[in-house]
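work.cif follows; it contains mmCIF, C-alpha atoms.
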```cif
data_coords
#
loop_
_atom_site.label_atom_id
_atom_site.label_comp_id
_atom_site.auth_asym_id
_atom_site.auth_seq_id
_atom_site.Cartn_x
_atom_site.Cartn_y
_atom_site.Cartn_z
CA MET A 174 80.57 88.86 116.71
CA ASN A 175 79.48 92.36 117.61
CA ILE A 176 81.22 95.54 116.46
CA ASN A 177 83.00 96.22 119.75
CA GLN A 178 84.36 92.67 119.82
CA LYS A 179 85.54 93.04 116.23
CA LEU A 180 87.33 96.30 117.02
CA LYS A 181 89.00 94.67 120.03
CA GLU A 182 90.04 91.68 117.90
CA LEU A 183 91.62 94.09 115.41
CA GLY A 184 93.39 96.00 118.21
CA ILE A 185 91.54 99.21 117.38
CA GLN A 186 90.73 101.77 120.06
CA LEU A 187 88.37 104.38 118.67
CA PRO A 188 89.39 107.99 119.35
CA ASP A 189 87.20 110.69 120.83
CA VAL A 190 85.62 113.14 118.42
CA ALA A 191 88.16 115.69 117.23
CA VAL A 192 87.48 119.38 117.67
CA PRO A 193 86.66 120.88 114.24
CA ALA A 194 89.40 123.01 112.70
CA ALA A 195 86.97 125.51 111.17
CA ALA A 196 83.31 126.62 111.19
CA TYR A 197 81.50 123.26 111.06
CA VAL A 198 80.36 120.42 113.32
CA PRO A 199 81.74 116.86 113.26
CA TYR A 200 78.37 115.33 112.35
CA VAL A 201 74.72 116.12 111.68
CA GLN A 202 71.80 113.73 111.90
CA ALA A 203 68.86 114.20 109.52
CA GLY A 204 66.19 111.59 110.07
CA LYS A 205 67.89 108.19 110.06
CA LEU A 206 70.98 109.45 108.24
CA VAL A 207 74.12 110.68 109.99
CA PHE A 208 76.47 112.79 107.89
CA LEU A 209 80.07 112.90 109.14
CA SER A 210 82.20 115.86 108.10
CA GLY A 211 85.42 115.17 106.25
CA HIS A 212 88.16 113.73 108.43
CA LEU A 213 91.82 114.30 107.57
CA ALA A 214 94.45 111.59 107.69
CA LYS A 215 96.57 111.84 110.83
CA LYS A 216 99.79 110.16 111.86
CA ASP A 217 101.06 110.46 115.42
CA GLY A 218 98.28 112.96 116.14
CA LYS A 219 99.29 115.38 113.39
CA PRO A 220 98.09 115.77 109.79
CA TRP A 221 99.53 113.01 107.60
CA CYS A 222 100.91 115.25 104.89
CA GLY A 223 102.08 114.56 101.40
CA GLN A 224 100.96 114.08 97.86
CA LEU A 225 100.28 110.71 96.26
CA GLY A 226 102.38 110.24 93.17
CA LYS A 227 105.07 112.57 94.53
CA ASP A 228 105.86 112.08 98.24
CA LEU A 229 103.72 109.04 99.04
CA THR A 230 103.04 105.63 97.51
CA THR A 231 99.65 104.02 97.01
CA ALA A 232 100.41 101.78 100.01
CA ASP A 233 101.12 104.87 102.14
CA GLY A 234 97.84 106.40 101.02
CA LYS A 235 95.94 103.19 101.77
CA ALA A 236 97.37 103.19 105.32
CA ALA A 237 96.36 106.85 105.69
CA ALA A 238 92.81 106.09 104.50
CA ARG A 239 92.61 103.24 107.04
CA ALA A 240 93.63 105.69 109.77
CA VAL A 241 90.88 108.06 108.62
CA ALA A 242 88.35 105.21 108.85
CA ILE A 243 89.28 104.69 112.50
CA ASP A 244 88.71 108.39 113.22
CA LEU A 245 85.40 108.29 111.32
CA MET A 246 84.23 105.33 113.39
CA GLY A 247 85.11 107.25 116.56
CA THR A 248 82.95 110.16 115.42
CA LEU A 249 80.16 107.82 114.35
CA GLN A 250 80.28 106.18 117.77
CA ALA A 251 79.76 109.60 119.38
CA ALA A 252 76.91 110.37 116.96
CA VAL A 253 75.03 107.22 118.05
CA GLY A 254 75.52 107.80 121.77
CA GLY A 255 78.37 105.32 122.09
CA ASP A 256 76.44 102.35 120.66
CA LEU A 257 77.69 101.34 117.21
CA SER A 258 75.09 98.55 117.10
CA ARG A 259 72.64 101.36 116.21
CA VAL A 260 74.34 101.63 112.79
CA ARG A 261 72.13 99.87 110.24
CA ARG A 262 74.30 100.58 107.22
CA ILE A 263 77.28 102.57 106.08
CA VAL A 264 75.67 104.24 103.09
CA LYS A 265 78.53 106.10 101.38
CA LEU A 266 82.11 107.27 101.64
CA MET A 267 83.50 110.20 99.70
CA SER A 268 87.28 110.38 99.54
CA LEU A 269 89.62 113.14 98.43
CA VAL A 270 93.19 112.09 97.72
CA ASN A 271 95.88 114.75 97.54
CA SER A 272 97.57 113.62 94.34
CA THR A 273 99.56 114.65 91.32
CA THR A 274 97.73 115.11 88.03
CA ASP A 275 99.08 111.82 86.70
CA PHE A 276 98.25 109.72 89.79
CA THR A 277 95.30 107.45 89.00
CA GLU A 278 95.04 105.11 91.99
CA GLN A 279 92.72 107.15 94.22
CA HIS A 280 90.34 104.18 94.29
CA LEU A 281 93.09 101.91 95.64
CA VAL A 282 94.04 104.46 98.30
CA THR A 283 90.40 104.70 99.42
CA ASN A 284 90.25 100.91 99.74
CA GLY A 285 92.16 101.38 103.00
CA ALA A 286 89.02 102.88 104.53
CA SER A 287 86.45 100.80 102.66
CA GLU A 288 88.05 97.47 103.52
CA LEU A 289 88.34 98.26 107.24
CA ILE A 290 84.76 99.53 107.49
CA ALA A 291 83.45 96.40 105.75
CA GLU A 292 85.54 94.23 108.07
CA VAL A 293 84.21 95.95 111.18
CA PHE A 294 80.53 96.28 110.18
CA GLY A 295 80.20 93.18 108.00
CA GLU A 296 77.52 93.32 105.33
CA ALA A 297 76.22 96.61 106.82
CA GLY A 298 79.65 98.13 106.11
CA VAL A 299 79.58 97.52 102.36
CA HIS A 300 78.89 100.96 100.90
CA ALA A 301 78.65 103.16 97.84
CA ARG A 302 81.70 105.34 97.30
CA SER A 303 83.42 108.08 95.35
CA ALA A 304 87.17 108.70 95.23
CA PHE A 305 88.60 111.89 93.75
CA GLY A 306 92.03 113.33 93.19
CA ALA A 307 92.60 116.81 94.58
CA SER A 308 95.54 119.15 94.04
CA GLN A 309 95.52 120.05 97.74
CA ILE A 310 93.63 119.17 100.93
CA PRO A 311 93.45 121.30 104.12
CA LEU A 312 96.66 121.38 106.15
CA GLY A 313 98.46 119.48 103.39
CA ALA A 314 96.88 116.16 104.43
CA CYS A 315 97.17 113.30 101.98
CA VAL A 316 93.60 112.00 102.37
CA GLU A 317 90.23 113.35 103.54
CA ILE A 318 87.13 111.17 103.81
CA GLU A 319 83.51 111.86 104.75
CA LEU A 320 80.87 109.24 105.59
CA ILE A 321 77.11 108.84 105.56
CA ALA A 322 75.49 106.18 107.76
CA GLU A 323 71.94 105.02 108.40
CA VAL A 324 71.09 104.54 112.08
CA ASP A 325 68.05 103.40 114.01
#
```
Mind converting the file's structure to structure tokens?
Amino acid sequence: MNINQKLKELGIQLPDVAVPAAAYVPYVQAGKLVFLSGHLAKKDGKPWCGQLGKDLTTADGKAAARAVAIDLMGTLQAAVGGDLSRVRRIVKLMSLVNSTTDFTEQHLVTNGASELIAEVFGEAGVHARSAFGASQIPLGACVEIELIAEVD
């Protein structure tokens, strides 16, 4: 099954690239690597705000990270000229989770993105990863994730 078929099977419509909120671009290609800028969690088109361990549960955070993965795939699709079959490998995700100092499940929150990306891209979607707690993320968002992919 190809990537577009998989997305359709999952009922996922990839969004267009979002306009950056500050002085940066959504992605940069260097050789065969594409670096996607951090994407904030959104719900109903607005920042998905809250702090894990205070306002949000791990399950909420995991859902937010999954939503970020969908946005990241939309940006990646734009970076490869609309053809996700050009993606050879998802190399790495880096996740920031807006969390209290005693919240320790950032890795479980980030699984929301990692699991979806692996499901969509198969073996090429299995990636290296870092997940960090942060005391605040821009606009009060609960999760921010960036991605590096190898393309042909």
Resolved residues for the PyMOL selection byres ((chain A and resi 268-283) around 8) as an NGL selection string
:A and (223-227 or 231-232 or 234-236 or 238 or 266-267 or 284-287 or 302-310 or 313-319)
Using all atoms listed in the file, which residues sit within 12 Å of Asp256 of chain A once same-chain residues fewer than 4 positions away are excluded, as a ChimeraX atom specification?
/A:175-177,246-252,260-261,324-325
Specify as a PyMOL selection string each residue included when the PyMOL selection byres ((chain A and resi 208-218) around 6) is applied to this file.
chain A and resi 199-201+207+219-221+237+241+316-321
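Reported to one decimal place, the separation of atom CA of Gly295 of chain A from atom CA of Ile185 of chain A is 15.9 Å.
Restricting the calculation to only C-alpha atoms, the smallest distance between Ala301 of chain A and any of A:Cys222, A:Ala191, A:Val264, A:Ala196 is found for A:Val264.
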Point-to-point distance in Å for atom CA of Pro193 of chain A and atom CA of Asp244 of chain A:
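So the answer is 12.7 Å.
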List every protein, DNA or RNA residue that has at least one atom no more than 8 Å from (67.6, 109.3, 107.1) in the file's coordinates, counting all atoms listed in the file, and write the result as a compact mmCIF listing (two decimals) with C-alpha atoms, keeping the file's coordinate frame.
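Result written to selection_33.txt:
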```txt
# COMPACT_ATOMS: atom_id res chain seq x y z
CA GLN A 202 71.80 113.73 111.90
CA ALA A 203 68.86 114.20 109.52
CA GLY A 204 66.19 111.59 110.07
CA LYS A 205 67.89 108.19 110.06
CA LEU A 206 70.98 109.45 108.24
CA VAL A 207 74.12 110.68 109.99
CA GLU A 323 71.94 105.02 108.40
CA VAL A 324 71.09 104.54 112.08
```
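Across the model, the gap from atom CA of Leu312 of chain A to atom CA of Asp233 of chain A is 17.6 Å.
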With 6 Å added on each side, what axis-aligned box encloses every listed atom of segment 237-250 of chain A? Give the centre and edge lengths in Å to one decimal, as lines of an AutoDock Vina configuration file.
```
center_x = 88.3
center_y = 106.7
center_z = 111.1
size_x = 28.2
size_y = 18.9
size_z = 25.3
```
